[in-house]
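To be precise, the following lines are entry.cif, and they hold mmCIF, C-alpha atoms.
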```
data_run
#
loop_
_atom_site.group_PDB
_atom_site.id
_atom_site.type_symbol
_atom_site.label_atom_id
_atom_site.label_comp_id
_atom_site.auth_asym_id
_atom_site.auth_seq_id
_atom_site.Cartn_x
_atom_site.Cartn_y
_atom_site.Cartn_z
ATOM 1 C CA MET A 5 -41.866 39.890 -164.403
ATOM 2 C CA LYS A 6 -40.529 37.038 -166.529
ATOM 3 C CA ARG A 7 -38.590 39.515 -168.701
ATOM 4 C CA LEU A 8 -36.993 41.056 -165.621
ATOM 5 C CA SER A 9 -35.852 37.634 -164.400
ATOM 6 C CA HIS A 10 -34.277 36.921 -167.827
ATOM 7 C CA ILE A 11 -32.404 40.231 -167.739
ATOM 8 C CA LEU A 12 -31.193 39.631 -164.191
ATOM 9 C CA SER A 13 -30.054 36.085 -165.010
ATOM 10 C CA LEU A 14 -28.209 37.360 -168.106
ATOM 11 C CA MET A 15 -26.461 40.030 -166.027
ATOM 12 C CA LEU A 16 -25.503 37.390 -163.458
ATOM 13 C CA VAL A 17 -24.020 35.119 -166.134
ATOM 14 C CA LEU A 18 -22.036 38.004 -167.661
ATOM 15 C CA THR A 19 -20.724 39.010 -164.224
ATOM 16 C CA LEU A 20 -19.653 35.446 -163.494
ATOM 17 C CA LEU A 21 -17.917 35.112 -166.874
ATOM 18 C CA SER A 22 -15.977 38.337 -166.417
ATOM 19 C CA GLY A 23 -15.014 37.297 -162.879
ATOM 20 C CA CYS A 24 -13.601 33.920 -163.940
ATOM 21 C CA GLY A 25 -11.116 35.442 -166.383
ATOM 22 C CA TYR A 26 -13.084 34.808 -169.573
ATOM 23 C CA HIS A 27 -12.502 37.432 -172.255
ATOM 24 C CA LEU A 28 -13.635 37.737 -175.824
ATOM 25 C CA ARG A 29 -10.959 36.809 -178.355
ATOM 26 C CA GLY A 30 -8.440 39.636 -178.734
ATOM 27 C CA GLN A 31 -9.633 41.379 -175.555
ATOM 28 C CA GLY A 32 -7.494 39.515 -173.025
ATOM 29 C CA GLU A 33 -4.259 40.587 -171.423
ATOM 30 C CA HIS A 34 -2.281 39.512 -174.509
ATOM 31 C CA ALA A 35 -4.120 41.754 -176.977
ATOM 32 C CA LEU A 36 -1.816 43.014 -179.705
ATOM 33 C CA THR A 37 -3.006 46.618 -179.425
ATOM 34 C CA ARG A 38 -1.282 46.983 -176.077
ATOM 35 C CA GLN A 39 2.012 46.229 -177.779
ATOM 36 C CA LEU A 40 1.702 47.815 -181.193
ATOM 37 C CA GLN A 41 -0.606 49.996 -183.223
ATOM 38 C CA THR A 42 0.806 49.649 -186.747
ATOM 39 C CA LEU A 43 2.481 46.853 -188.691
ATOM 40 C CA ASN A 44 4.097 46.666 -192.122
ATOM 41 C CA LEU A 45 3.525 43.263 -193.717
ATOM 42 C CA ARG A 46 6.044 42.342 -196.419
ATOM 43 C CA GLY A 47 6.493 39.361 -198.716
ATOM 44 C CA VAL A 48 2.904 38.164 -199.210
ATOM 45 C CA ASN A 49 -0.059 39.303 -201.278
ATOM 46 C CA ILE A 50 -2.602 40.538 -198.716
ATOM 47 C CA TYR A 51 -5.479 40.232 -201.190
ATOM 48 C CA ARG A 52 -5.662 36.430 -201.547
ATOM 49 C CA GLY A 53 -4.777 33.124 -199.917
ATOM 50 C CA PHE A 54 -2.472 33.039 -196.936
ATOM 51 C CA GLY A 55 -1.733 36.772 -197.161
ATOM 52 C CA ARG A 56 -5.458 37.566 -196.899
ATOM 53 C CA GLU A 57 -5.838 35.248 -193.883
ATOM 54 C CA LEU A 58 -2.844 36.897 -192.188
ATOM 55 C CA ALA A 59 -4.024 40.446 -192.944
ATOM 56 C CA ASP A 60 -7.504 39.610 -191.602
ATOM 57 C CA ALA A 61 -6.016 38.133 -188.417
ATOM 58 C CA ILE A 62 -3.834 41.198 -187.873
ATOM 59 C CA GLU A 63 -6.677 43.638 -188.493
ATOM 60 C CA SER A 64 -9.064 41.658 -186.268
ATOM 61 C CA ASN A 65 -6.595 42.325 -183.440
ATOM 62 C CA SER A 66 -7.039 46.097 -184.028
ATOM 63 C CA VAL A 67 -3.607 46.558 -185.584
ATOM 64 C CA GLN A 68 -3.441 48.821 -188.624
ATOM 65 C CA LEU A 69 -1.509 47.624 -191.678
ATOM 66 C CA VAL A 70 0.697 50.362 -193.134
ATOM 67 C CA GLY A 71 2.835 50.415 -196.272
ATOM 68 C CA ASP A 72 5.802 52.382 -194.905
ATOM 69 C CA ASP A 73 8.556 50.935 -192.684
ATOM 70 C CA ASP A 74 9.007 54.249 -190.862
ATOM 71 C CA ALA A 75 5.299 54.488 -189.970
ATOM 72 C CA ALA A 76 5.180 50.929 -188.582
ATOM 73 C CA ASP A 77 5.912 49.840 -185.020
ATOM 74 C CA VAL A 78 6.959 46.429 -186.364
ATOM 75 C CA VAL A 79 7.892 45.099 -189.792
ATOM 76 C CA LEU A 80 6.833 41.499 -190.419
ATOM 77 C CA ARG A 81 8.627 39.825 -193.313
ATOM 78 C CA VAL A 82 6.958 36.595 -194.403
ATOM 79 C CA SER A 83 7.786 34.217 -197.226
ATOM 80 C CA SER A 84 4.989 32.931 -199.395
ATOM 81 C CA PRO A 85 3.790 29.534 -198.175
ATOM 82 C CA LYS A 86 5.712 26.553 -199.512
ATOM 83 C CA ARG A 87 3.429 23.581 -200.105
ATOM 84 C CA ARG A 88 4.327 19.974 -200.736
ATOM 85 C CA ARG A 89 2.651 16.561 -200.852
ATOM 86 C CA ASP A 90 4.478 13.643 -199.290
ATOM 87 C CA VAL A 91 3.202 10.192 -200.258
ATOM 88 C CA LEU A 92 2.252 8.178 -197.193
ATOM 89 C CA SER A 93 0.801 5.046 -198.766
ATOM 90 C CA VAL A 94 0.200 3.426 -202.141
ATOM 91 C CA ASP A 95 -2.264 0.779 -203.266
ATOM 92 C CA SER A 96 -1.567 -2.505 -205.076
ATOM 93 C CA SER A 97 -1.485 -0.653 -208.418
ATOM 94 C CA VAL A 98 1.262 1.621 -207.067
ATOM 95 C CA TYR A 99 -0.999 4.687 -207.082
ATOM 96 C CA ALA A 100 -0.683 7.097 -204.163
ATOM 97 C CA ARG A 101 -3.756 6.819 -201.930
ATOM 98 C CA GLU A 102 -2.678 8.840 -198.908
ATOM 99 C CA TYR A 103 -0.693 12.058 -198.775
ATOM 100 C CA SER A 104 0.681 14.284 -196.089
ATOM 101 C CA LEU A 105 0.035 17.901 -197.108
ATOM 102 C CA VAL A 106 2.708 20.195 -195.662
ATOM 103 C CA THR A 107 2.654 23.989 -195.697
ATOM 104 C CA SER A 108 5.491 26.053 -194.249
ATOM 105 C CA ILE A 109 6.446 29.707 -194.065
ATOM 106 C CA ARG A 110 9.557 31.568 -193.003
ATOM 107 C CA PHE A 111 9.183 34.824 -191.099
ATOM 108 C CA VAL A 112 11.049 37.436 -189.108
ATOM 109 C CA PHE A 113 9.899 40.355 -186.966
ATOM 110 C CA ALA A 114 11.952 43.534 -187.067
ATOM 111 C CA HIS A 115 11.722 47.037 -185.681
ATOM 112 C CA SER A 116 10.796 49.628 -188.260
ATOM 113 C CA ALA A 117 14.230 51.221 -188.713
ATOM 114 C CA GLU A 118 16.175 47.993 -189.235
ATOM 115 C CA ALA A 119 17.856 46.692 -192.341
ATOM 116 C CA THR A 120 17.171 43.253 -193.807
ATOM 117 C CA PRO A 121 17.724 40.594 -191.109
ATOM 118 C CA ASP A 122 20.339 37.854 -191.364
ATOM 119 C CA ARG A 123 19.400 34.415 -192.664
ATOM 120 C CA GLU A 124 19.703 32.770 -189.219
ATOM 121 C CA GLN A 125 17.209 35.202 -187.688
ATOM 122 C CA TRP A 126 14.341 33.814 -189.779
ATOM 123 C CA SER A 127 12.000 31.338 -188.065
ATOM 124 C CA VAL A 128 9.877 28.601 -189.603
ATOM 125 C CA LEU A 129 6.271 27.579 -189.002
ATOM 126 C CA GLU A 130 4.946 24.359 -190.494
ATOM 127 C CA VAL A 131 1.594 22.558 -190.433
ATOM 128 C CA ARG A 132 0.606 19.138 -191.752
ATOM 129 C CA ARG A 133 -2.635 17.475 -192.705
ATOM 130 C CA ASP A 134 -3.283 13.982 -194.043
ATOM 131 C CA LEU A 135 -5.318 13.517 -197.204
ATOM 132 C CA VAL A 136 -6.815 10.177 -198.244
ATOM 133 C CA VAL A 137 -7.477 10.014 -201.994
ATOM 134 C CA ASN A 138 -10.545 8.154 -203.202
ATOM 135 C CA PRO A 139 -9.747 6.625 -206.622
ATOM 136 C CA ASN A 140 -13.456 6.818 -207.582
ATOM 137 C CA ASP A 141 -13.837 10.499 -206.637
ATOM 138 C CA VAL A 142 -10.795 12.388 -207.896
ATOM 139 C CA LEU A 143 -12.608 15.724 -208.050
ATOM 140 C CA GLY A 144 -13.792 15.349 -204.460
ATOM 141 C CA SER A 145 -10.229 14.623 -203.376
ATOM 142 C CA ASP A 146 -9.048 17.801 -205.120
ATOM 143 C CA TYR A 147 -11.719 19.853 -203.339
ATOM 144 C CA GLU A 148 -10.701 18.283 -200.042
ATOM 145 C CA ALA A 149 -7.045 19.192 -200.707
ATOM 146 C CA GLU A 150 -8.065 22.817 -201.407
ATOM 147 C CA ARG A 151 -10.093 22.913 -198.187
ATOM 148 C CA LEU A 152 -7.174 21.504 -196.198
ATOM 149 C CA ASN A 153 -4.791 24.056 -197.738
ATOM 150 C CA ALA A 154 -7.145 26.902 -196.748
ATOM 151 C CA GLU A 155 -7.389 25.451 -193.230
ATOM 152 C CA MET A 156 -3.592 25.279 -192.999
ATOM 153 C CA ASP A 157 -3.340 28.923 -194.135
ATOM 154 C CA ARG A 158 -5.693 29.966 -191.310
ATOM 155 C CA GLU A 159 -3.700 27.958 -188.767
ATOM 156 C CA LEU A 160 -0.401 29.474 -189.928
ATOM 157 C CA ALA A 161 -1.900 32.978 -189.633
ATOM 158 C CA GLU A 162 -3.126 32.216 -186.092
ATOM 159 C CA ARG A 163 0.276 30.851 -185.075
ATOM 160 C CA LEU A 164 2.001 33.916 -186.504
ATOM 161 C CA ILE A 165 -0.306 36.199 -184.484
ATOM 162 C CA PHE A 166 0.512 34.146 -181.398
ATOM 163 C CA ARG A 167 4.219 34.721 -182.099
ATOM 164 C CA LEU A 168 3.630 38.416 -182.675
ATOM 165 C CA ARG A 169 2.148 38.670 -179.186
ATOM 166 C CA GLY A 170 5.517 37.552 -177.799
ATOM 167 C CA PHE A 171 7.488 40.155 -179.764
ATOM 168 C CA THR A 172 8.484 43.254 -177.834
ATOM 169 C CA VAL A 173 8.149 46.584 -179.630
ATOM 170 C CA ALA A 174 10.399 48.562 -177.314
ATOM 171 C CA GLY A 175 13.806 47.370 -176.170
ATOM 172 C CA SER A 176 16.334 45.321 -178.069
ATOM 173 C CA LYS A 177 17.053 45.814 -181.766
ATOM 174 C CA GLN A 178 15.867 42.328 -182.765
ATOM 175 C CA SER A 179 13.711 40.001 -180.717
ATOM 176 C CA LYS A 180 14.668 36.369 -181.184
ATOM 177 C CA VAL A 181 11.708 34.130 -181.975
ATOM 178 C CA GLU A 182 12.194 30.399 -181.565
ATOM 179 C CA PRO A 183 11.147 28.105 -184.440
ATOM 180 C CA ASP A 184 7.794 26.348 -184.021
ATOM 181 C CA VAL A 185 7.818 23.356 -186.327
ATOM 182 C CA GLU A 186 5.003 20.934 -185.632
ATOM 183 C CA LYS A 187 6.317 17.376 -185.506
ATOM 184 C CA PRO A 188 4.097 14.625 -186.906
ATOM 185 C CA VAL A 189 2.477 12.367 -184.322
ATOM 186 C CA ASN A 190 3.311 8.690 -184.798
#
```
Could you take the file, read its structure, and then write that structure out as structure tokens?
Amino acid sequence: MKRLSHILSLMLVLTLLSGCGYHLRGQGEHALTRQLQTLNLRGVNIYRGFGRELADAIESNSVQLVGDDDAADVVLRVSSPKRRRDVLSVDSSVYAREYSLVTSIRFVFAHSAEATPDREQWSVLEVRRDLVVNPNDVLGSDYEAERLNAEMDRELAERLIFRLRGFTVAGSKQSKVEPDVEKPVN
């Protein structure tokens, strides 16, 4: 009897969640598979770093990566991430103690039969994280910087997938994508 009540309560919760508009990630009305089935990813190494994060995000949305422009619904050209460290503060010994880590990529979506896009058609995504350096734990600060860089790669991949959802496969020759540069909060 107790087991039956647990099953009924679970079914009730699932019914309520589906009725309120909740969907599992990638299963909602903006799922990529409704727009495209195949994608050719160019410009990044899909076996490590940012390229691996991006390939995983694309494949987790049930889109197949292909190596041929003609077989792809969309060609995504992405630059390798550009990373920089901006010094935010220094201590009394004039050593940098706080950095702003910045990672940016340039990208463009194109239909499979198109030639290389013009320079002004490329868009930019940028993310920032602050890193405080402990002078007594340099190795720990390096590990923290690596962790932040990996986190920024994941965020850039997620933002690129979000942009890909807004790209139309059928229709115009080139869909214009507005730049999404995150401004630092003061």
*What does the distance between CA of Ala114 (chain A) and CA of Val131 (chain A) come to in Å, to one decimal place?*
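Taking CA of Ala114 (chain A) and CA of Val131 (chain A), their separation equals 23.6 Å.
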Per residue of region 7-97 of chain A within 12 Å of region 139-151 of chain A, note the shortest atom pair and the distance in Å to one decimal, counting only C-alpha atoms, and order the rows by chain and increasing residue number, as JSON lines.
```
{"residue": "A:Gly53", "atom": "CA", "partner": "A:Glu150", "partner_atom": "CA", "distance": 10.9}
{"residue": "A:Arg87", "atom": "CA", "partner": "A:Ala149", "partner_atom": "CA", "distance": 11.4}
{"residue": "A:Arg88", "atom": "CA", "partner": "A:Ala149", "partner_atom": "CA", "distance": 11.4}
{"residue": "A:Arg89", "atom": "CA", "partner": "A:Ala149", "partner_atom": "CA", "distance": 10.0}
{"residue": "A:Val94", "atom": "CA", "partner": "A:Pro139", "partner_atom": "CA", "distance": 11.4}
{"residue": "A:Asp95", "atom": "CA", "partner": "A:Pro139", "partner_atom": "CA", "distance": 10.1}
{"residue": "A:Ser97", "atom": "CA", "partner": "A:Pro139", "partner_atom": "CA", "distance": 11.2}
```
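In this model, the gap between CA of Leu168 (chain A) and CA of Gln68 (chain A) comes to 13.9 Å.
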*the PyMOL selection byres ((chain A and resi 61-64) around 12) on the file shown: which residues, as a ChimeraX atom specification?*
/A:29-31,35-37,40-45,50,54-60,65-70,80,157-169
*Would you mind reading off the distance between CA of Ala100 (chain A) and CA of Lys86 (chain A), one decimal, in Å?*
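Spanning CA of Ala100 (chain A) to CA of Lys86 (chain A) is a straight-line distance of 21.0 Å.
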